[in-house]
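Student: Got a structure for you, questions after.
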Amino acid sequence: MRRPLWIPWRWWRRAAQLVLLLLFLWLFRRTEYGSSNELAGGENLFFRLDPLVGATAMLAARQFLAAFWPAALLLALTLLFGRFFCGWICPLGTLLDYFHRLVRPLARTSNRYCEAKLPQRAEETLRATRYVLLLAILVAAVFSVQLVGYFDPFGLLFRGLTFAGDSHLDRSASWALERVVSDEAVGDWQHWAREEWHLLPRQGQIFQLAGLSAALLGAIFALEFVARRFWCRHLCPTGAVFGLFAARTWIKRLPNKVCRACDQCAVDCRMQAHRSETDFLNQACNLCMNCVDDCAKGIVQFRPKQAKPSKGPRRQPVDLSRRGVLVGLAAGVTLPAATMVGRLGRAGTLDPYLLRPPGAGDEPTFLDLCIRCGECMKVCPTNVLQPTMLEAGIEGMFSPRLVPRFIFEKSYCEFTCTLCGQVCPTGAIPRLTEEEKHKQPTGKAYFDHALCLPWAENTPCIRCEEMCPTPEKAIKILRTFTIKGPDGEEVEIHQPYVDRDLCVGCGICESNCTLEGKPAIRVVRVDAADPGTETQRQARG
Amino acid sequence: MDRRQFLEQVAAWSAGFSLATPIFNVASVMAADVKPQENPLLTVAKGKEYGELVTRALKPLGGIAAFVKSGDRVVVKPNIGWDRKPEQAANTHPDVVKAIVEQCLAAGAKQVRVFDRTVNDARRSYNNSGILAAVESIKDPRAKCVFIDDKRFVPVKIVNGKSLDEFEFYQDALESACDCYINVPIAKHHQLSKLTLGLKNAMGVIGGNRGKIHKDLHQRIADLNLVIRPRLTIVDATRILLRNGPSGGKLEDVKVLDTVIASADPVAADAYATTLFGMKPEQVGSTIAGAKLGLGQMDLTKIRLVDA
């Protein structure tokens, strides 16, 4: 193929990368409450382009998820054109390319960094890693253990940006603004940055696991010091899926080996798709097109012609040996077994305070469908949705849970809000109307009479009753009586109780409970009080 | 990196981090000693056009010009506490707010700010109450419906407070930052305080743990009003919430009265609004506590009532 419009291919690629990165960031910004409870849609597009999360969710939950049609389309295109996704579309890949440019000056002063190639032994050892990882993740998913959150590039990027990047950006920008512009103008600047130009989130958020999320994402960038696109070449399991589909593409590179006179393209290749012992590797090539632009003889091209494969051992293999397959299978089987031991260790009971988002259904199905993408936590206007740490085992890490009172008075599930279900790519949190949501409680509130002021200390309060959002209040008054106050005046005491038929488990009572420290009312899982439920049996494994 | 460079870097980073620590503004504002009138004027206007009701209610009081002077920085403080729609009667009616803001602008206010520290999520409450859109529809850069900035609460000493001696208040609502504070509560049911009216609306400009107020609610509400002294109270009783307040949510609990009450006396406004629920002013603790503190007149026989 000729360079279109006489513009070098790499400029087309760079333009596409920039546009799609901006699209990713634009969708990231739009994943928040603006002024309407109905989002525009498409916020989760990049996750639905990811065949890995689609496959694991479908395998684990044994459901067909039509929402992943963009990923299917992408796989079909990969069969034709190869692994172009990694070079042209993936926002993480684009950021890694930018990061490389940023740190390349370091490589000039010291040649230890940023080389395209690793030492031969390291290359050979690492070659199969991404496929082994992919296999392990898929096999574990068959056993209903979702490990995709640890390795999925979009999840790592989105969570890193949400939990750490954005909240830090918001705070540092506000901090800087307050010192640069006058006191009166701060509000205008913030309005401009939040509402008009969307440079900052409309509402700042805080998350637990921010440090870990930043560290995981940072590690991917740090690996760029070891070698270019280290993550993409050796670790990314989504890239491995595209690599498998790209192994026998329709569009192939010609020539399919390195010329005798010159091997500059092989030296420069950021994906190290050239190897001395084999033909050009379509499964590695991300179609950056630099070799087409840079070939001194101008002979490199990608075309739909059948390149003559070399005979004998110069065939094009997938970087996966029999031993690699065995390791992947073994890991995929062992990890679910290990999590089962963990569940036994938790004595088969779920943490009673592990509250899942509205409509999430039973715990095992929720964990199967949830791909730990972080969309729901980003969109949550009250910041009540937080990533789970180890409360649901290592397999539940990064899945969303409600933490009422995470921010005192602010974190609870908003009665009229249904945003999390609108952005969930897999339906782990279903799309609900307001009425449907109210019929699917996230938990039920329980009083601690030893702490509650009217019960324990004859002190007026009923802040919880004031807050309760159900049209007929779920917190009711059991008893009202008067006592003599310190000045001899009459003080009226109301002792509250929860009508659990009406309670929706939103946690606004817990969040607003006057006591500073332990709240006197807490929301508990619906099934936690009844050990005989289906969820509990399944949790036992 | 040699020793000198290392020490320089350590110094630079530590300086950077120590600059990053927040700075607190501690202000102490003395409560203004405003003497309430013995026989305050109170107007009641009824009608379907809520914007026009405001104009009518203000007329016997001397119009908005009696309260807002040209060049004033005005705060209009409605109740925007809840993520509810106007017809659910949990927040002040947007038409009432809009009319007041327009009047202030017409009187030559330099700036009119509308805000409330919400209970539910602020963005949702501002939007679903209709108040944000109502203020923005005026399209005047002087009028702004702004979100509360948590960093702008300052501790204030409450002189003469009986149950509170200090609390955090919103800087922009204090007399140092506002020349005219107009209180625009909605009349609603509330289990603990019986009713939530004008005096309780001050809860929307205080910071910290608002739940603490509930331990001695009536007196503490009155104490807060020693600091927040509205020049004008306009009670929105266009529709009132009879049960399941203050959040509501059920239309059966809402009663449409098409009424707006205005007075310069915050206690008188509350005292009269109580009668709309078929109750006596003495049944609402904060009204009694407010009157005892000398914030206003609660004796209905001493209030000059005008049908506007």
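Identifiers for the structure tokens are assigned positionally: chains receive A, B, ... in sequence, residues are indexed from 1 per chain, and ligands are indexed from 1 in the order shown.
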Contacts between chain A and chain B, please, where a residue of chain B counts if it comes within 10 Å (with only C-alpha atoms); show its shortest atom pair and distance in Å to one decimal, rows by chain and ascending number, as JSON lines.
Tutor:
{"residue": "B:Ala20", "atom": "CA", "partner": "A:Trp175", "partner_atom": "CA", "distance": 7.8}
{"residue": "B:Thr21", "atom": "CA", "partner": "A:Trp175", "partner_atom": "CA", "distance": 9.5}
{"residue": "B:Pro22", "atom": "CA", "partner": "A:Trp175", "partner_atom": "CA", "distance": 8.4}
{"residue": "B:Trp82", "atom": "CA", "partner": "A:Pro469", "partner_atom": "CA", "distance": 9.2}
{"residue": "B:Asp83", "atom": "CA", "partner": "A:Thr416", "partner_atom": "CA", "distance": 7.5}
{"residue": "B:Arg84", "atom": "CA", "partner": "A:Thr416", "partner_atom": "CA", "distance": 8.4}
{"residue": "B:Gln88", "atom": "CA", "partner": "A:Pro471", "partner_atom": "CA", "distance": 9.9}
{"residue": "B:Thr118", "atom": "CA", "partner": "A:Lys410", "partner_atom": "CA", "distance": 9.8}
{"residue": "B:Val119", "atom": "CA", "partner": "A:Glu409", "partner_atom": "CA", "distance": 7.8}
{"residue": "B:Asn120", "atom": "CA", "partner": "A:Glu414", "partner_atom": "CA", "distance": 7.3}
{"residue": "B:Asp121", "atom": "CA", "partner": "A:Thr382", "partner_atom": "CA", "distance": 6.3}
{"residue": "B:Ala122", "atom": "CA", "partner": "A:Pro381", "partner_atom": "CA", "distance": 9.2}
{"residue": "B:Arg123", "atom": "CA", "partner": "A:Ser35", "partner_atom": "CA", "distance": 7.2}
{"residue": "B:Arg124", "atom": "CA", "partner": "A:Ser35", "partner_atom": "CA", "distance": 7.0}
{"residue": "B:Ser125", "atom": "CA", "partner": "A:Ser35", "partner_atom": "CA", "distance": 9.8}
{"residue": "B:Tyr126", "atom": "CA", "partner": "A:Ser35", "partner_atom": "CA", "distance": 8.8}
{"residue": "B:Asn127", "atom": "CA", "partner": "A:Ser35", "partner_atom": "CA", "distance": 6.0}
{"residue": "B:Asn128", "atom": "CA", "partner": "A:Ser35", "partner_atom": "CA", "distance": 8.2}
{"residue": "B:Leu132", "atom": "CA", "partner": "A:Ser35", "partner_atom": "CA", "distance": 9.8}
{"residue": "B:Ala133", "atom": "CA", "partner": "A:Ser35", "partner_atom": "CA", "distance": 9.8}
{"residue": "B:Val146", "atom": "CA", "partner": "A:Gly187", "partner_atom": "CA", "distance": 8.2}
{"residue": "B:Phe147", "atom": "CA", "partner": "A:Gly187", "partner_atom": "CA", "distance": 9.0}
{"residue": "B:Ile148", "atom": "CA", "partner": "A:Gly187", "partner_atom": "CA", "distance": 9.8}
{"residue": "B:Asp149", "atom": "CA", "partner": "A:Gly187", "partner_atom": "CA", "distance": 8.6}
{"residue": "B:His190", "atom": "CA", "partner": "A:Glu466", "partner_atom": "CA", "distance": 7.2}
{"residue": "B:Gln191", "atom": "CA", "partner": "A:Glu466", "partner_atom": "CA", "distance": 7.2}
{"residue": "B:Leu192", "atom": "CA", "partner": "A:Ile462", "partner_atom": "CA", "distance": 7.0}
{"residue": "B:Gly208", "atom": "CA", "partner": "A:Glu409", "partner_atom": "CA", "distance": 9.9}
{"residue": "B:Asn209", "atom": "CA", "partner": "A:Thr514", "partner_atom": "CA", "distance": 7.2}
{"residue": "B:Arg210", "atom": "CA", "partner": "A:Thr514", "partner_atom": "CA", "distance": 7.8}
{"residue": "B:Gly211", "atom": "CA", "partner": "A:Thr514", "partner_atom": "CA", "distance": 4.6}
{"residue": "B:Lys212", "atom": "CA", "partner": "A:Thr514", "partner_atom": "CA", "distance": 6.0}
{"residue": "B:Ile213", "atom": "CA", "partner": "A:Cys461", "partner_atom": "CA", "distance": 8.6}
{"residue": "B:His214", "atom": "CA", "partner": "A:Cys461", "partner_atom": "CA", "distance": 5.1}
{"residue": "B:Lys215", "atom": "CA", "partner": "A:Pro460", "partner_atom": "CA", "distance": 5.1}
{"residue": "B:Asp216", "atom": "CA", "partner": "A:Pro460", "partner_atom": "CA", "distance": 7.0}
{"residue": "B:Leu217", "atom": "CA", "partner": "A:Pro460", "partner_atom": "CA", "distance": 8.1}
{"residue": "B:Arg243", "atom": "CA", "partner": "A:Glu472", "partner_atom": "CA", "distance": 8.7}
{"residue": "B:Asn244", "atom": "CA", "partner": "A:Glu472", "partner_atom": "CA", "distance": 6.1}
{"residue": "B:Gly245", "atom": "CA", "partner": "A:Glu466", "partner_atom": "CA", "distance": 7.1}
{"residue": "B:Pro246", "atom": "CA", "partner": "A:Glu466", "partner_atom": "CA", "distance": 6.4}
{"residue": "B:Ser247", "atom": "CA", "partner": "A:Pro469", "partner_atom": "CA", "distance": 6.2}
{"residue": "B:Gly248", "atom": "CA", "partner": "A:Pro471", "partner_atom": "CA", "distance": 5.6}
{"residue": "B:Gly249", "atom": "CA", "partner": "A:Pro471", "partner_atom": "CA", "distance": 4.5}
{"residue": "B:Lys250", "atom": "CA", "partner": "A:Pro471", "partner_atom": "CA", "distance": 5.1}
{"residue": "B:Leu251", "atom": "CA", "partner": "A:Pro471", "partner_atom": "CA", "distance": 8.8}
{"residue": "B:Glu252", "atom": "CA", "partner": "A:Pro471", "partner_atom": "CA", "distance": 9.8}
{"residue": "B:Asp253", "atom": "CA", "partner": "A:Pro471", "partner_atom": "CA", "distance": 9.1}
Student: Write out as an mmCIF file with C-alpha atoms, in the first residue's frame which residues come within 12 Å of Ala57 of chain B when counting only C-alpha atoms, dropping same-chain ones fewer than 2 positions away.
Tutor:
data_model
loop_
_atom_site.group_PDB
_atom_site.id
_atom_site.type_symbol
_atom_site.label_atom_id
_atom_site.label_comp_id
_atom_site.auth_asym_id
_atom_site.auth_seq_id
_atom_site.Cartn_x
_atom_site.Cartn_y
_atom_site.Cartn_z
ATOM 1 C CA LEU B 41 -44.979 43.865 59.892
ATOM 2 C CA LEU B 42 -45.770 40.544 58.217
ATOM 3 C CA THR B 43 -47.309 40.148 54.787
ATOM 4 C CA VAL B 44 -49.143 37.174 53.337
ATOM 5 C CA ALA B 45 -49.746 36.918 49.609
ATOM 6 C CA LYS B 46 -51.804 34.267 47.864
ATOM 7 C CA GLY B 47 -52.021 33.393 44.196
ATOM 8 C CA TYR B 50 -45.434 32.522 42.321
ATOM 9 C CA GLY B 51 -43.090 35.123 40.861
ATOM 10 C CA GLU B 52 -45.719 37.821 41.098
ATOM 11 C CA LEU B 53 -46.600 36.679 44.645
ATOM 12 C CA VAL B 54 -43.150 37.719 45.794
ATOM 13 C CA THR B 55 -43.586 41.222 44.391
ATOM 14 C CA LYS B 59 -44.854 45.774 48.536
ATOM 15 C CA PRO B 60 -46.279 46.591 52.010
ATOM 16 C CA LEU B 61 -42.773 46.128 53.435
ATOM 17 C CA GLY B 62 -41.524 48.898 51.184
ATOM 18 C CA GLY B 63 -40.516 46.727 48.263
ATOM 19 C CA ILE B 64 -37.135 45.121 47.817
ATOM 20 C CA VAL B 96 -39.942 32.053 44.219
ATOM 21 C CA ALA B 99 -38.351 36.248 41.486
ATOM 22 C CA ILE B 100 -36.363 37.289 44.565
ATOM 23 C CA LEU B 232 -35.630 39.629 55.148
ATOM 24 C CA THR B 233 -37.342 36.260 55.521
ATOM 25 C CA ILE B 234 -39.597 35.025 52.750
ATOM 26 C CA VAL B 235 -41.314 31.755 53.646
ATOM 27 C CA ASP B 236 -42.276 29.688 50.625
ATOM 28 C CA THR B 259 -48.934 31.318 49.744
ATOM 29 C CA VAL B 260 -45.842 33.417 50.308
ATOM 30 C CA ILE B 261 -45.060 35.054 53.666
ATOM 31 C CA ALA B 262 -42.604 37.927 54.058
ATOM 32 C CA SER B 263 -41.260 39.750 57.071
ATOM 33 C CA ALA B 264 -38.123 41.423 58.307
ATOM 34 C CA LEU B 305 -50.541 41.162 59.607
ATOM 35 C CA VAL B 306 -51.146 42.505 56.095
ATOM 36 C CA ASP B 307 -52.856 40.613 53.304
ATOM 37 C CA ALA B 308 -50.913 41.583 50.248
#
Student: I'd like the neighbourhood of Met271 of chain A as a list in words, where a residue qualifies if any of its atoms comes within 10 Å (using only C-alpha atoms), though same-chain residues fewer than 4 positions away should be ignored.
Tutor: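 Near neighbours after the sequence-gap exclusion: Gly87, Ala116, Lys117, Ala227, Arg228, Arg229, Phe230, Cys232, Arg233, His234, Ala266, Leu281, Gln283, Ala284, Cys285, Asn286, Leu287 and Cys288 of chain A.
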Student: Put those residues in a file: C-alpha atoms, as a PDB file, in the first residue's frame.
Tutor:
ATOM      1  CA  GLY A  87      -0.442   0.426  17.618  1.00  0.00           C
ATOM      2  CA  ALA A 116      14.097  -1.536  21.770  1.00  0.00           C
ATOM      3  CA  LYS A 117      15.620  -4.869  22.469  1.00  0.00           C
ATOM      4  CA  ALA A 227      12.540  -1.771  26.984  1.00  0.00           C
ATOM      5  CA  ARG A 228      10.116  -0.067  24.614  1.00  0.00           C
ATOM      6  CA  ARG A 229       6.540  -1.306  24.891  1.00  0.00           C
ATOM      7  CA  PHE A 230       7.687  -3.894  27.400  1.00  0.00           C
ATOM      8  CA  CYS A 232       2.622  -4.701  25.285  1.00  0.00           C
ATOM      9  CA  ARG A 233       5.250  -7.129  24.078  1.00  0.00           C
ATOM     10  CA  HIS A 234       5.563  -9.393  27.044  1.00  0.00           C
ATOM     11  CA  ALA A 266      14.603  -5.041  12.905  1.00  0.00           C
ATOM     12  CA  LEU A 281       5.894 -12.143  13.363  1.00  0.00           C
ATOM     13  CA  GLN A 283       1.367 -11.700  16.114  1.00  0.00           C
ATOM     14  CA  ALA A 284       3.872  -9.207  17.502  1.00  0.00           C
ATOM     15  CA  CYS A 285       3.646  -6.418  14.907  1.00  0.00           C
ATOM     16  CA  ASN A 286       1.333  -3.575  15.921  1.00  0.00           C
ATOM     17  CA  LEU A 287       1.457  -1.978  12.473  1.00  0.00           C
ATOM     18  CA  CYS A 288       3.204   1.188  13.575  1.00  0.00           C
TER      19      CYS A 288
END
Student: Residues near Asp293 of chain A, anyone? I mean within 8 Å using only C-alpha atoms, not counting same-chain ones fewer than 3 positions away, as a PDB file with N, CA and C atoms, in the first residue's frame.
Tutor:
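Once everything was written out, this is selection_8.pdb:
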ATOM      1  N   PRO A   8       3.518  10.471   5.209  1.00  0.00           N
ATOM      2  CA  PRO A   8       4.059   9.215   5.730  1.00  0.00           C
ATOM      3  C   PRO A   8       3.067   8.507   6.639  1.00  0.00           C
ATOM      4  N   TRP A   9       3.137   7.175   6.613  1.00  0.00           N
ATOM      5  CA  TRP A   9       2.206   6.364   7.391  1.00  0.00           C
ATOM      6  C   TRP A   9       2.230   6.721   8.868  1.00  0.00           C
ATOM      7  N   ARG A  10       3.420   6.981   9.391  1.00  0.00           N
ATOM      8  CA  ARG A  10       3.495   7.182  10.837  1.00  0.00           C
ATOM      9  C   ARG A  10       2.687   8.392  11.260  1.00  0.00           C
ATOM     10  N   MET A 289       4.049   1.002  11.271  1.00  0.00           N
ATOM     11  CA  MET A 289       4.367   1.421   9.904  1.00  0.00           C
ATOM     12  C   MET A 289       5.670   2.195   9.791  1.00  0.00           C
ATOM     13  N   ASN A 290       6.431   2.275  10.875  1.00  0.00           N
ATOM     14  CA  ASN A 290       7.700   2.989  10.774  1.00  0.00           C
ATOM     15  C   ASN A 290       8.638   2.328   9.767  1.00  0.00           C
ATOM     16  N   GLY A 298      13.045   1.351   0.210  1.00  0.00           N
ATOM     17  CA  GLY A 298      11.624   1.549  -0.074  1.00  0.00           C
ATOM     18  C   GLY A 298      10.915   0.280  -0.506  1.00  0.00           C
TER      19      GLY A 298
END
